[in-house]
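**Q** So that we are looking at the same thing, I have put the structure below in structure tokens.
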Amino acid sequence: MIKKSITRRGSGSRVNLLAKFFILLVILVFSTSFANSVPAAGSQQAVQKDTLKGEVVAVDNLHHISMLTLRSDEIGRFPNDRLNIFMNKNTSVKVCNEREPVKDINVSRNATVTYHEVQGLLPVADTVSEKC
């Protein structure tokens with residue numbers, strides 16, 4: 001009986017690892033297609049930006065692409081009150097009012113994220129600000 005519970009735990013963590021790998025693979029595919037697409041200067045197309053405040057639940061990094069999971073204070077707007085927001089090389093990150101790399105974003109802190117949607121599908125962060 002003990003061996004079965006250990007096996008179940010191990011297979012559950014494999015499923016979580018496989019799910020994270022799949023999500024990061026999707027991030028890689030979408031980000032290479034869309035995330036760096038920014039309207040050219042002087043373009044007539046306006047980019048609509050939204051701002052969201054909430055708690056940083058997770059930050060996953062894969063090469064030059066990252067995904068921030070934010071638990072929103074706006075109940076019911078997102079599934080499980082969480083939104084996955086992609087970050088690319090153009091994303092500005094500030095932690096304690098200092099410009100920092102993405103890896104320095106702290107989980108369990110409140111953050112303000114300004115983002116836009118690429119082709120109506122993919123939320124890409126323009127700025128991420130954490131206050132100390």
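If you're wondering about the labels, chains in the structure tokens are A, B, ... by order shown, residues count from 1 in each chain, ligands from 1 in order shown.
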List as a PyMOL selection string the protein and nucleic acid residues near stretch 54-56 of chain A, meaning an atom at most 10 Å away when only C-alpha atoms are counted, but skip any in the same chain fewer than 3 places from it.
**A** chain A and resi 59+68-74+81-83+105-113+130
**Q** Please save C-alpha atoms of the selected residues as an mmCIF file, in the first residue's frame.
**A**
data_model
loop_
_atom_site.group_PDB
_atom_site.id
_atom_site.type_symbol
_atom_site.label_atom_id
_atom_site.label_comp_id
_atom_site.auth_asym_id
_atom_site.auth_seq_id
_atom_site.Cartn_x
_atom_site.Cartn_y
_atom_site.Cartn_z
ATOM 1 C CA VAL A 59 6.966 32.614 -13.113
ATOM 2 C CA LEU A 68 3.810 35.003 -15.455
ATOM 3 C CA THR A 69 0.727 33.610 -13.718
ATOM 4 C CA LEU A 70 -1.210 36.338 -11.934
ATOM 5 C CA ARG A 71 -4.122 35.782 -9.548
ATOM 6 C CA SER A 72 -6.481 38.629 -10.294
ATOM 7 C CA ASP A 73 -8.442 40.625 -7.741
ATOM 8 C CA GLU A 74 -11.193 40.854 -10.343
ATOM 9 C CA ASP A 81 -9.133 34.090 -11.062
ATOM 10 C CA ARG A 82 -5.768 33.488 -12.772
ATOM 11 C CA LEU A 83 -4.296 34.761 -16.012
ATOM 12 C CA ILE A 105 10.124 38.682 -10.119
ATOM 13 C CA ASN A 106 9.028 37.475 -6.693
ATOM 14 C CA VAL A 107 6.272 34.912 -6.313
ATOM 15 C CA SER A 108 3.606 35.762 -3.679
ATOM 16 C CA ARG A 109 4.027 39.522 -4.092
ATOM 17 C CA ASN A 110 1.489 41.885 -5.542
ATOM 18 C CA ALA A 111 2.229 43.194 -9.006
ATOM 19 C CA THR A 112 0.724 45.526 -11.570
ATOM 20 C CA VAL A 113 0.887 44.246 -15.136
ATOM 21 C CA GLU A 130 6.271 44.803 -8.077
#
**Q** When you count only C-alpha atoms, which of these residues is closest to A:Asn88: A:Ile65, A:Leu121, A:Ile23, A:Val47?
**A**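 With only C-alpha atoms as the atom set, the closest residue is A:Ile65.
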**Q** One decimal, in Å: what's the spacing between atom CA of A:Val118 and atom CA of A:Arg99?
**A** 24.4 Å
**Q** Using only C-alpha atoms, which of A:Asp126, A:Met87, A:Gln48, A:Ala19 sits nearest A:Leu62?
**A**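 For A:Leu62, the nearest of the candidates is A:Met87.
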**Q** Find the residues around A:Lys89 up to 10 Å (only C-alpha atoms counted), leave out those fewer than 2 positions away in its own chain, and share them as a PyMOL selection string.
**A** chain A and resi 35-36+64-66+87+91-92+101-102+126
